[in-house]
file work-v3.cif (mmCIF, C-alpha atoms)
data_protein
#
loop_
_atom_site.label_atom_id
_atom_site.label_comp_id
_atom_site.auth_asym_id
_atom_site.auth_seq_id
_atom_site.Cartn_x
_atom_site.Cartn_y
_atom_site.Cartn_z
CA MET A 1 9.54 19.00 -7.38
CA ARG A 2 13.24 19.05 -8.04
CA LEU A 3 14.12 16.19 -5.67
CA LEU A 4 11.73 13.80 -7.42
CA GLU A 5 12.78 14.89 -10.92
CA GLU A 6 16.40 14.29 -10.04
CA ARG A 7 15.59 10.86 -8.67
CA ILE A 8 13.61 9.90 -11.78
CA SER A 9 16.50 11.06 -13.98
CA LYS A 10 18.98 9.10 -11.88
CA ASP A 11 17.09 5.85 -11.23
CA GLY A 12 14.17 5.76 -13.67
CA LYS A 13 14.41 3.40 -16.62
CA VAL A 14 12.72 3.79 -19.98
CA PHE A 15 11.41 0.73 -21.83
CA PRO A 16 9.71 0.33 -25.20
CA GLY A 17 5.99 1.15 -25.22
CA ASN A 18 6.34 4.39 -23.27
CA ILE A 19 7.03 2.51 -20.07
CA LEU A 20 8.88 4.42 -17.38
CA LYS A 21 10.06 2.13 -14.61
CA VAL A 22 10.56 3.75 -11.24
CA ASP A 23 10.35 0.53 -9.31
CA SER A 24 13.61 1.05 -7.46
CA PHE A 25 12.11 3.87 -5.37
CA LEU A 26 8.38 4.32 -6.00
CA ASN A 27 6.26 1.32 -6.88
CA HIS A 28 8.03 -1.91 -6.01
CA GLN A 29 10.83 -0.90 -3.74
CA ILE A 30 9.74 2.29 -1.96
CA ASP A 31 12.05 5.01 -0.67
CA VAL A 32 9.99 6.07 2.31
CA SER A 33 12.14 9.13 3.05
CA LEU A 34 11.50 10.39 -0.50
CA LEU A 35 7.77 9.78 0.01
CA CYS A 36 8.00 11.85 3.16
CA GLU A 37 9.44 14.81 1.24
CA MET A 38 6.72 14.35 -1.36
CA GLY A 39 4.10 14.35 1.40
CA LYS A 40 5.42 17.68 2.73
CA GLU A 41 5.20 19.22 -0.74
CA ILE A 42 1.67 17.93 -1.32
CA LYS A 43 0.62 19.35 2.04
CA ARG A 44 2.08 22.71 1.00
CA LEU A 45 0.21 22.63 -2.31
CA TYR A 46 -3.11 21.72 -0.68
CA SER A 47 -2.66 23.66 2.55
CA ASP A 48 -5.70 25.80 1.71
CA CYS A 49 -8.01 22.77 1.52
CA GLU A 50 -9.61 21.09 4.50
CA ILE A 51 -8.84 17.56 3.37
CA ASN A 52 -10.37 14.93 5.65
CA LYS A 53 -9.76 11.82 3.53
CA VAL A 54 -7.04 10.60 1.19
CA LEU A 55 -8.36 8.25 -1.49
CA THR A 56 -6.14 5.99 -3.57
CA ILE A 57 -6.29 2.70 -5.44
CA GLU A 58 -4.44 -0.50 -4.72
CA ALA A 59 -1.69 -1.43 -4.87
CA SER A 60 1.10 1.01 -5.58
CA GLY A 61 -0.87 4.10 -4.57
CA ILE A 62 -1.20 2.91 -0.98
CA GLY A 63 2.33 3.73 0.16
CA VAL A 64 2.27 7.28 -1.14
CA ALA A 65 -1.23 7.79 0.22
CA CYS A 66 -0.35 6.63 3.74
CA ILE A 67 2.70 8.88 3.98
CA VAL A 68 0.80 11.85 2.49
CA ALA A 69 -2.12 11.33 4.88
CA GLN A 70 0.20 11.79 7.86
CA PHE A 71 0.60 15.43 6.83
CA PHE A 72 -3.17 15.96 6.62
CA ASP A 73 -3.86 14.02 9.84
CA CYS A 74 -6.65 12.08 8.16
CA PRO A 75 -7.40 8.47 7.19
CA VAL A 76 -6.62 6.80 3.89
CA LEU A 77 -9.21 4.88 1.91
CA PHE A 78 -7.92 2.61 -0.82
CA ALA A 79 -10.22 1.40 -3.57
CA LYS A 80 -10.02 -2.33 -4.26
CA LYS A 81 -9.72 -3.85 -7.69
CA THR A 82 -11.88 -6.91 -7.13
CA LYS A 83 -14.69 -7.84 -4.86
CA THR A 84 -13.53 -10.10 -2.06
CA LYS A 85 -15.67 -11.91 0.43
CA ASN A 86 -14.27 -9.64 3.14
CA ILE A 87 -16.09 -6.65 1.70
CA ALA A 88 -19.77 -6.22 2.40
CA ASN A 89 -22.20 -5.75 -0.47
CA ALA A 90 -22.77 -2.08 0.17
CA VAL A 91 -20.13 -0.69 -2.16
CA TYR A 92 -19.72 2.03 -4.75
CA LYS A 93 -18.42 0.46 -7.93
CA THR A 94 -16.83 1.74 -11.12
CA GLN A 95 -14.78 0.28 -13.95
CA VAL A 96 -11.20 1.13 -14.84
CA GLU A 97 -9.13 0.16 -17.87
CA SER A 98 -5.50 -0.53 -17.04
CA PHE A 99 -2.91 1.02 -19.33
CA THR A 100 -0.26 -1.27 -17.86
CA HIS A 101 -2.16 -4.55 -18.11
CA GLY A 102 -4.58 -3.87 -20.96
CA THR A 103 -7.56 -5.12 -18.99
CA ILE A 104 -10.78 -3.69 -17.54
CA TYR A 105 -11.51 -4.32 -13.88
CA ASP A 106 -14.06 -3.39 -11.26
CA VAL A 107 -13.00 -0.94 -8.58
CA ILE A 108 -14.94 -0.64 -5.35
CA VAL A 109 -15.07 1.22 -2.07
CA SER A 110 -17.34 0.43 0.82
CA LYS A 111 -20.21 2.88 1.25
CA ASP A 112 -19.34 2.93 4.94
CA PHE A 113 -16.16 4.92 4.30
CA LEU A 114 -17.01 7.50 1.65
CA SER A 115 -19.82 10.01 2.05
CA ALA A 116 -21.00 13.55 1.44
CA ASP A 117 -19.07 14.60 4.56
CA ASP A 118 -15.75 13.86 2.85
CA LYS A 119 -13.40 16.42 1.33
CA VAL A 120 -11.16 14.14 -0.64
CA LEU A 121 -7.60 14.33 -1.90
CA ILE A 122 -7.03 11.63 -4.51
CA VAL A 123 -3.43 10.36 -4.44
CA ASP A 124 -1.67 8.04 -6.86
CA ASP A 125 1.84 7.21 -7.94
CA PHE A 126 1.28 7.57 -11.69
CA LEU A 127 -0.94 9.50 -14.09
CA ALA A 128 -0.87 8.33 -17.72
CA GLU A 129 -4.24 7.90 -19.47
CA GLY A 130 -6.07 8.99 -16.34
CA ASN A 131 -8.40 6.01 -16.16
CA ALA A 132 -7.71 5.18 -12.53
CA LEU A 133 -8.21 8.79 -11.43
CA ILE A 134 -11.44 9.11 -13.40
CA GLY A 135 -12.67 5.95 -11.70
CA LEU A 136 -11.81 7.34 -8.27
CA ILE A 137 -13.53 10.65 -9.09
CA ASP A 138 -16.59 8.66 -10.17
CA LEU A 139 -16.62 6.83 -6.82
CA CYS A 140 -16.49 10.20 -5.01
CA ASN A 141 -19.32 11.54 -7.16
CA GLN A 142 -21.45 8.48 -6.39
CA ALA A 143 -20.87 9.08 -2.68
CA GLY A 144 -21.53 12.82 -2.93
CA ALA A 145 -18.02 13.46 -1.60
CA GLU A 146 -16.19 16.62 -2.62
CA VAL A 147 -13.00 16.09 -4.65
CA LYS A 148 -10.58 18.81 -3.58
CA GLY A 149 -8.00 17.65 -6.09
CA CYS A 150 -5.50 15.02 -7.13
CA ALA A 151 -1.88 14.68 -6.04
CA ILE A 152 0.31 12.56 -8.28
CA ALA A 153 3.93 11.56 -8.01
CA VAL A 154 4.74 11.14 -11.70
CA GLU A 155 2.60 12.38 -14.58
CA LYS A 156 3.38 11.33 -18.13
CA GLY A 157 2.68 14.68 -19.73
CA PHE A 158 2.72 13.24 -23.25
CA GLN A 159 -0.29 11.04 -22.50
CA LYS A 160 -3.75 12.48 -22.25
CA GLY A 161 -4.72 11.75 -18.63
CA GLY A 162 -3.62 15.06 -17.14
CA ARG A 163 -5.56 17.09 -19.68
CA ARG A 164 -8.66 14.89 -19.39
CA ILE A 165 -8.87 15.43 -15.65
CA ARG A 166 -8.00 19.13 -15.67
CA ASP A 167 -10.65 19.59 -18.40
CA MET A 168 -13.17 18.08 -15.97
CA GLY A 169 -12.41 21.04 -13.69
CA VAL A 170 -10.53 18.90 -11.19
CA ARG A 171 -7.30 20.29 -9.76
CA VAL A 172 -4.28 18.09 -10.49
CA GLU A 173 -0.89 18.62 -8.88
CA SER A 174 1.85 16.35 -10.21
CA LEU A 175 5.20 16.51 -8.47
CA ALA A 176 7.02 15.60 -11.67
CA ILE A 177 5.63 15.82 -15.20
CA VAL A 178 7.61 13.90 -17.80
CA GLU A 179 7.25 15.87 -21.03
CA SER A 180 9.14 13.46 -23.24
CA MET A 181 11.32 10.42 -22.84
CA SER A 182 13.64 8.26 -24.86
CA ASP A 183 16.20 5.59 -24.05
CA ASP A 184 18.78 8.06 -22.91
CA SER A 185 16.96 11.24 -21.89
CA LEU A 186 14.03 12.51 -19.87
CA THR A 187 12.59 16.01 -20.11
CA PHE A 188 10.36 17.48 -17.42
CA ARG A 189 7.69 20.15 -17.83
CA SER A 190 8.61 23.36 -16.07
CA GLN A 191 6.17 24.05 -13.21
CA ASP A 192 7.74 27.18 -11.73
CA MET B 1 -0.58 -3.85 22.17
CA ARG B 2 -3.47 -2.50 24.19
CA LEU B 3 -4.36 0.33 21.79
CA LEU B 4 -4.80 -2.07 18.86
CA GLU B 5 -6.70 -4.66 20.91
CA GLU B 6 -9.10 -1.97 22.07
CA ARG B 7 -9.61 -0.77 18.52
CA ILE B 8 -10.29 -4.30 17.26
CA SER B 9 -12.80 -4.84 20.08
CA LYS B 10 -14.52 -1.54 19.30
CA ASP B 11 -14.53 -1.51 15.49
CA GLY B 12 -13.76 -5.08 14.36
CA LYS B 13 -16.63 -7.15 13.00
CA VAL B 14 -16.93 -10.92 13.07
CA PHE B 15 -18.52 -12.75 10.14
CA PRO B 16 -19.24 -16.46 9.52
CA GLY B 17 -16.21 -18.48 8.37
CA ASN B 18 -13.82 -17.05 10.96
CA ILE B 19 -13.67 -13.74 9.13
CA LEU B 20 -12.62 -10.75 11.22
CA LYS B 21 -13.24 -7.51 9.39
CA VAL B 22 -11.07 -4.60 10.42
CA ASP B 23 -11.61 -2.66 7.25
CA SER B 24 -12.68 0.53 9.00
CA PHE B 25 -9.15 1.17 10.27
CA LEU B 26 -6.63 -1.35 8.91
CA ASN B 27 -7.14 -2.80 5.44
CA HIS B 28 -9.59 -0.72 3.44
CA GLN B 29 -9.88 2.53 5.32
CA ILE B 30 -6.59 3.04 7.17
CA ASP B 31 -6.16 4.98 10.40
CA VAL B 32 -2.67 6.29 9.75
CA SER B 33 -2.23 7.63 13.30
CA LEU B 34 -2.92 4.13 14.65
CA LEU B 35 -0.38 2.72 12.18
CA CYS B 36 2.12 5.24 13.51
CA GLU B 37 1.67 3.97 17.08
CA MET B 38 2.03 0.42 15.77
CA GLY B 39 5.23 1.42 14.00
CA LYS B 40 6.68 2.78 17.24
CA GLU B 41 5.90 -0.46 19.03
CA ILE B 42 7.40 -2.60 16.26
CA LYS B 43 10.55 -0.47 16.36
CA ARG B 44 10.72 -1.04 20.12
CA LEU B 45 10.33 -4.81 19.69
CA TYR B 46 13.00 -5.00 16.98
CA SER B 47 15.30 -2.28 18.29
CA ASP B 48 18.08 -4.84 18.73
CA CYS B 49 18.05 -5.77 15.03
CA GLU B 50 19.79 -3.86 12.29
CA ILE B 51 16.88 -3.97 9.87
CA ASN B 52 17.72 -2.46 6.47
CA LYS B 53 14.65 -3.55 4.51
CA VAL B 54 10.96 -3.98 5.25
CA LEU B 55 9.31 -6.62 3.06
CA THR B 56 5.56 -6.95 2.63
CA ILE B 57 3.03 -8.19 0.09
CA GLU B 58 0.46 -6.20 -1.82
CA ALA B 59 -2.00 -4.81 -1.21
CA SER B 60 -3.05 -4.31 2.38
CA GLY B 61 0.42 -4.85 3.83
CA ILE B 62 1.84 -1.82 2.04
CA GLY B 63 0.38 0.85 4.29
CA VAL B 64 1.59 -0.74 7.51
CA ALA B 65 4.98 -1.47 5.95
CA CYS B 66 5.53 2.13 4.80
CA ILE B 67 4.68 3.61 8.19
CA VAL B 68 6.78 0.99 10.01
CA ALA B 69 9.75 1.58 7.69
CA GLN B 70 9.86 5.24 8.74
CA PHE B 71 10.95 4.10 12.20
CA PHE B 72 13.73 1.92 10.79
CA ASP B 73 14.84 4.54 8.26
CA CYS B 74 14.93 1.94 5.49
CA PRO B 75 13.10 1.20 2.23
CA VAL B 76 10.04 -0.99 1.77
CA LEU B 77 9.86 -3.74 -0.81
CA PHE B 78 6.45 -5.09 -1.61
CA ALA B 79 6.04 -8.46 -3.32
CA LYS B 80 3.64 -8.45 -6.24
CA LYS B 81 0.92 -11.00 -6.80
CA THR B 82 1.13 -11.24 -10.55
CA LYS B 83 3.76 -10.64 -13.15
CA THR B 84 3.18 -7.37 -14.96
CA LYS B 85 5.01 -6.10 -17.98
CA ASN B 86 6.51 -3.37 -15.79
CA ILE B 87 8.60 -5.97 -13.97
CA ALA B 88 11.73 -7.34 -15.58
CA ASN B 89 12.21 -11.06 -15.91
CA ALA B 90 14.82 -11.28 -13.22
CA VAL B 91 12.55 -12.08 -10.31
CA TYR B 92 12.39 -14.42 -7.35
CA LYS B 93 9.07 -16.24 -7.46
CA THR B 94 7.03 -18.30 -5.04
CA GLN B 95 3.43 -19.46 -4.76
CA VAL B 96 0.93 -18.49 -2.09
CA GLU B 97 -2.51 -19.88 -1.34
CA SER B 98 -4.99 -17.24 -0.24
CA PHE B 99 -7.13 -18.07 2.79
CA THR B 100 -9.46 -15.18 1.93
CA HIS B 101 -9.93 -15.93 -1.75
CA GLY B 102 -9.31 -19.69 -1.92
CA THR B 103 -6.89 -19.35 -4.84
CA ILE B 104 -3.19 -19.93 -5.48
CA TYR B 105 -1.19 -17.11 -7.01
CA ASP B 106 2.39 -16.33 -7.97
CA VAL B 107 4.26 -13.84 -5.83
CA ILE B 108 7.39 -12.13 -7.11
CA VAL B 109 10.07 -9.65 -6.17
CA SER B 110 12.70 -8.25 -8.49
CA LYS B 111 16.17 -9.70 -7.93
CA ASP B 112 17.43 -6.11 -8.07
CA PHE B 113 15.94 -5.29 -4.68
CA LEU B 114 16.53 -8.31 -2.46
CA SER B 115 19.98 -9.74 -1.82
CA ALA B 116 22.32 -11.33 0.69
CA ASP B 117 23.06 -7.83 2.02
CA ASP B 118 19.53 -7.47 3.36
CA LYS B 119 18.44 -7.88 6.97
CA VAL B 120 14.72 -8.11 6.50
CA LEU B 121 11.71 -7.37 8.67
CA ILE B 122 8.61 -8.94 7.12
CA VAL B 123 5.49 -6.87 7.84
CA ASP B 124 1.87 -7.72 7.17
CA ASP B 125 -1.55 -6.72 8.41
CA PHE B 126 -2.86 -10.24 9.07
CA LEU B 127 -1.53 -13.66 10.02
CA ALA B 128 -3.98 -16.56 9.70
CA GLU B 129 -2.75 -19.71 7.94
CA GLY B 130 0.67 -18.14 7.40
CA ASN B 131 0.85 -18.80 3.68
CA ALA B 132 1.75 -15.25 2.69
CA LEU B 133 4.51 -15.05 5.32
CA ILE B 134 5.93 -18.42 4.32
CA GLY B 135 6.01 -17.20 0.72
CA LEU B 136 7.85 -14.03 1.74
CA ILE B 137 10.33 -16.04 3.82
CA ASP B 138 10.90 -18.27 0.79
CA LEU B 139 11.67 -15.21 -1.36
CA CYS B 140 14.21 -14.04 1.23
CA ASN B 141 15.80 -17.51 1.33
CA GLN B 142 16.09 -17.55 -2.46
CA ALA B 143 17.86 -14.17 -2.30
CA GLY B 144 20.10 -15.21 0.59
CA ALA B 145 18.65 -12.36 2.65
CA GLU B 146 18.49 -12.71 6.43
CA VAL B 147 14.99 -12.71 7.93
CA LYS B 148 15.25 -10.93 11.27
CA GLY B 149 11.61 -11.57 12.01
CA CYS B 150 7.99 -10.82 11.22
CA ALA B 151 5.84 -8.00 12.56
CA ILE B 152 2.11 -8.50 12.24
CA ALA B 153 -0.80 -6.28 13.16
CA VAL B 154 -3.44 -8.94 13.84
CA GLU B 155 -2.74 -12.65 14.32
CA LYS B 156 -5.61 -15.12 14.43
CA GLY B 157 -4.19 -17.27 17.21
CA PHE B 158 -6.72 -20.05 16.62
CA GLN B 159 -5.38 -20.67 13.11
CA LYS B 160 -2.11 -22.42 12.54
CA GLY B 161 0.00 -19.75 10.83
CA GLY B 162 1.68 -18.34 13.92
CA ARG B 163 2.80 -21.78 15.11
CA ARG B 164 3.97 -22.83 11.66
CA ILE B 165 6.26 -19.85 11.35
CA ARG B 166 7.56 -19.89 14.92
CA ASP B 167 8.27 -23.62 14.46
CA MET B 168 10.47 -22.66 11.50
CA GLY B 169 12.62 -20.74 13.99
CA VAL B 170 11.45 -17.36 12.68
CA ARG B 171 10.64 -14.67 15.23
CA VAL B 172 7.03 -13.45 15.00
CA GLU B 173 5.75 -10.43 16.88
CA SER B 174 2.02 -9.84 16.56
CA LEU B 175 0.64 -6.66 18.08
CA ALA B 176 -2.71 -8.33 18.76
CA ILE B 177 -3.40 -12.06 18.86
CA VAL B 178 -7.07 -12.99 18.68
CA GLU B 179 -7.42 -16.19 20.73
CA SER B 180 -11.08 -16.78 20.01
CA MET B 181 -13.95 -14.92 18.46
CA SER B 182 -17.69 -15.17 18.14
CA ASP B 183 -20.46 -12.86 17.03
CA ASP B 184 -20.42 -10.88 20.23
CA SER B 185 -17.00 -11.36 21.83
CA LEU B 186 -13.29 -11.29 21.07
CA THR B 187 -10.61 -12.70 23.36
CA PHE B 188 -6.95 -11.74 23.01
CA ARG B 189 -3.94 -13.80 24.01
CA SER B 190 -2.03 -12.27 26.89
CA GLN B 191 1.44 -11.18 25.77
CA ASP B 192 2.67 -9.53 28.97
#

call {"tool": "encode", "arguments": {"input": "work-v3.cif", "output": "structure tokens"}}
result
Amino acid sequence: MRLLEERISKDGKVFPGNILKVDSFLNHQIDVSLLCEMGKEIKRLYSDCEINKVLTIEASGIGVACIVAQFFDCPVLFAKKTKTKNIANAVYKTQVESFTHGTIYDVIVSKDFLSADDKVLIVDDFLAEGNALIGLIDLCNQAGAEVKGCAIAVEKGFQKGGRRIRDMGVRVESLAIVESMSDDSLTFRSQD
Amino acid sequence: MRLLEERISKDGKVFPGNILKVDSFLNHQIDVSLLCEMGKEIKRLYSDCEINKVLTIEASGIGVACIVAQFFDCPVLFAKKTKTKNIANAVYKTQVESFTHGTIYDVIVSKDFLSADDKVLIVDDFLAEGNALIGLIDLCNQAGAEVKGCAIAVEKGFQKGGRRIRDMGVRVESLAIVESMSDDSLTFRSQD
């Protein structure tokens, strides 16, 4: 998606350790009008699917997911990273290793909100190693829900997450795929 | 807001310890069309203010904030609960005690995204003791940003947060104020 690629080139910042910071418009400060254009594009890509639930993971996936869900006219469910006393015991649980933080954490969704009736679009802001997405797919599998695909804002194409998930037979649409990056340049994978 | 009060009465669940669960439509599964109606109402309430930034705190505030921000045509900034290596050192920091979890945590925003140019609407899903809001107000004060007010989905009127913040001279608009609750009944404060 040209608009997103241009924005990443303009406002994204590269840091040592393959870190791409897009926190001026995507995952700290959020440009909601950009999200809206991204939502339109994701709806176009998945227009053939009868999505009835958008699934994401807290925290930075929630904004994208809520805007995207408006275009599918369906609810969002966000998986939680720890068990709080506000969540009942009846949960599906999986474990996810964080690339950013270097830790492993539990991820849960309530069994009340994910079931075999659901045709799920998994939405997230970033795809790097793919651990979060694999965790979300696992939650869907536990619930018997059908994963129609994943919609990602920014995929780091030089990390293995995208290939891992596509090799599982799961459709992945990333609006921008960063093929390589250095301090002063970003290259995107052609998706025409 | 009648629509929200009705939804809380229909789908909210009361648990021991003054816990009101609204996780079927507000802070786990999210009814985005309800959020959209809430956004319209918040825009109506704050139509006289030239809001140019919506500030919230991860995680469950993000969805409401993003939908609300669409009506103000401005970006969202969400405060983060821990310092990650994706955030630069230049941050405003405050501490917040969680009513839900019984812990104290650091809350930060990047200095890049909050400044004296900002006229801020603080948005959150819940107001109970008011600690999160007071933390967000503190971040705005550190940045010299002007807090135009707070917009809350559900205020627990029998806890002290609402009074604390209004006593600070900060405008608080809560779309539903729960005056009292028990296992089988919920009473809302009249706001006509």

call {"tool": "resolve_selection", "arguments": {"input": "work-v3.cif", "expression": "the PyMOL selection byres ((chain B) within 10 of (chain A))", "output": "VMD selection string"}}
result
chain B and resid 15 19 to 36 53 to 55 57 to 70 73 to 80 83 to 88 100 to 101 109 to 110 112 to 114

call {"tool": "atom_distance", "arguments": {"input": "work-v3.cif", "atom1": "CA of Lys156 in chain A", "atom2": "CA of Glu37 in chain A"}}
result
20.6 Å

call {"tool": "atom_distance", "arguments": {"input": "work-v3.cif", "atom1": "CA of Val14 in chain A", "atom2": "CA of Arg166 in chain A"}}
result
26.1 Å

call {"tool": "residues_near_point", "arguments": {"input": "work-v3.cif", "point": "(6.6, -16.1, 23.8)", "cutoff": "10 Å", "atoms": "only C-alpha atoms", "output": "list in words"}}
result
Arg166, Arg171, Val172, Glu173, Ser190, Gln191 and Asp192 of chain B

call {"tool": "closest_residue", "arguments": {"input": "work-v3.cif", "among": "B:Gly157, B:Glu97, B:Met38, B:Ala116", "to": "Ser180 in chain B", "atoms": "all atoms listed in the file"}}
result
B:Gly157

call {"tool": "atom_distance", "arguments": {"input": "work-v3.cif", "atom1": "CA of Ala145 in chain B", "atom2": "CA of Val123 in chain B"}}
result
15.2 Å

call {"tool": "closest_residue", "arguments": {"input": "work-v3.cif", "among": "A:Asn141, A:Thr103, A:Gln159, A:Ser185", "to": "Glu129 in chain A", "atoms": "all atoms listed in the file"}}
result
A:Gln159

call {"tool": "residues_around", "arguments": {"input": "work-v3.cif", "residues": "Glu146 in chain B", "least_positions_apart": "3", "cutoff": "12 Å", "atoms": "only C-alpha atoms", "output": "list in words"}}
result
Cys49, Glu50, Ile51, Asn52, Lys53, Val54, Leu55, Leu114, Ser115, Ala116, Asp117, Asp118, Lys119, Val120, Leu121, Ile122, Leu136, Ile137, Asp138, Leu139, Cys140, Asn141, Gln142, Ala143, Gly149, Cys150, Val170 and Arg171 of chain B

call {"tool": "write_last_selection", "arguments": {"input": "work-v3.cif", "atoms": "C-alpha atoms", "output": "compact mmCIF listing (two decimals), keeping the file's coordinate frame"}}
result
# COMPACT_ATOMS: atom_id res chain seq x y z
CA CYS B 49 18.05 -5.77 15.03
CA GLU B 50 19.79 -3.86 12.29
CA ILE B 51 16.88 -3.97 9.87
CA ASN B 52 17.72 -2.46 6.47
CA LYS B 53 14.65 -3.55 4.51
CA VAL B 54 10.96 -3.98 5.25
CA LEU B 55 9.31 -6.62 3.06
CA LEU B 114 16.53 -8.31 -2.46
CA SER B 115 19.98 -9.74 -1.82
CA ALA B 116 22.32 -11.33 0.69
CA ASP B 117 23.06 -7.83 2.02
CA ASP B 118 19.53 -7.47 3.36
CA LYS B 119 18.44 -7.88 6.97
CA VAL B 120 14.72 -8.11 6.50
CA LEU B 121 11.71 -7.37 8.67
CA ILE B 122 8.61 -8.94 7.12
CA LEU B 136 7.85 -14.03 1.74
CA ILE B 137 10.33 -16.04 3.82
CA ASP B 138 10.90 -18.27 0.79
CA LEU B 139 11.67 -15.21 -1.36
CA CYS B 140 14.21 -14.04 1.23
CA ASN B 141 15.80 -17.51 1.33
CA GLN B 142 16.09 -17.55 -2.46
CA ALA B 143 17.86 -14.17 -2.30
CA GLY B 149 11.61 -11.57 12.01
CA CYS B 150 7.99 -10.82 11.22
CA VAL B 170 11.45 -17.36 12.68
CA ARG B 171 10.64 -14.67 15.23

call {"tool": "residues_around", "arguments": {"input": "work-v3.cif", "residues": "Ser9 in chain B", "least_positions_apart": "5", "cutoff": "10 Å", "atoms": "all atoms listed in the file", "output": "ChimeraX atom specification"}}
result
/B:4,22,184-188

call {"tool": "closest_residue", "arguments": {"input": "work-v3.cif", "among": "A:Tyr92, A:Phe126, A:Phe71, A:Tyr46", "to": "Ala176 in chain A", "atoms": "all atoms listed in the file"}}
result
A:Phe126
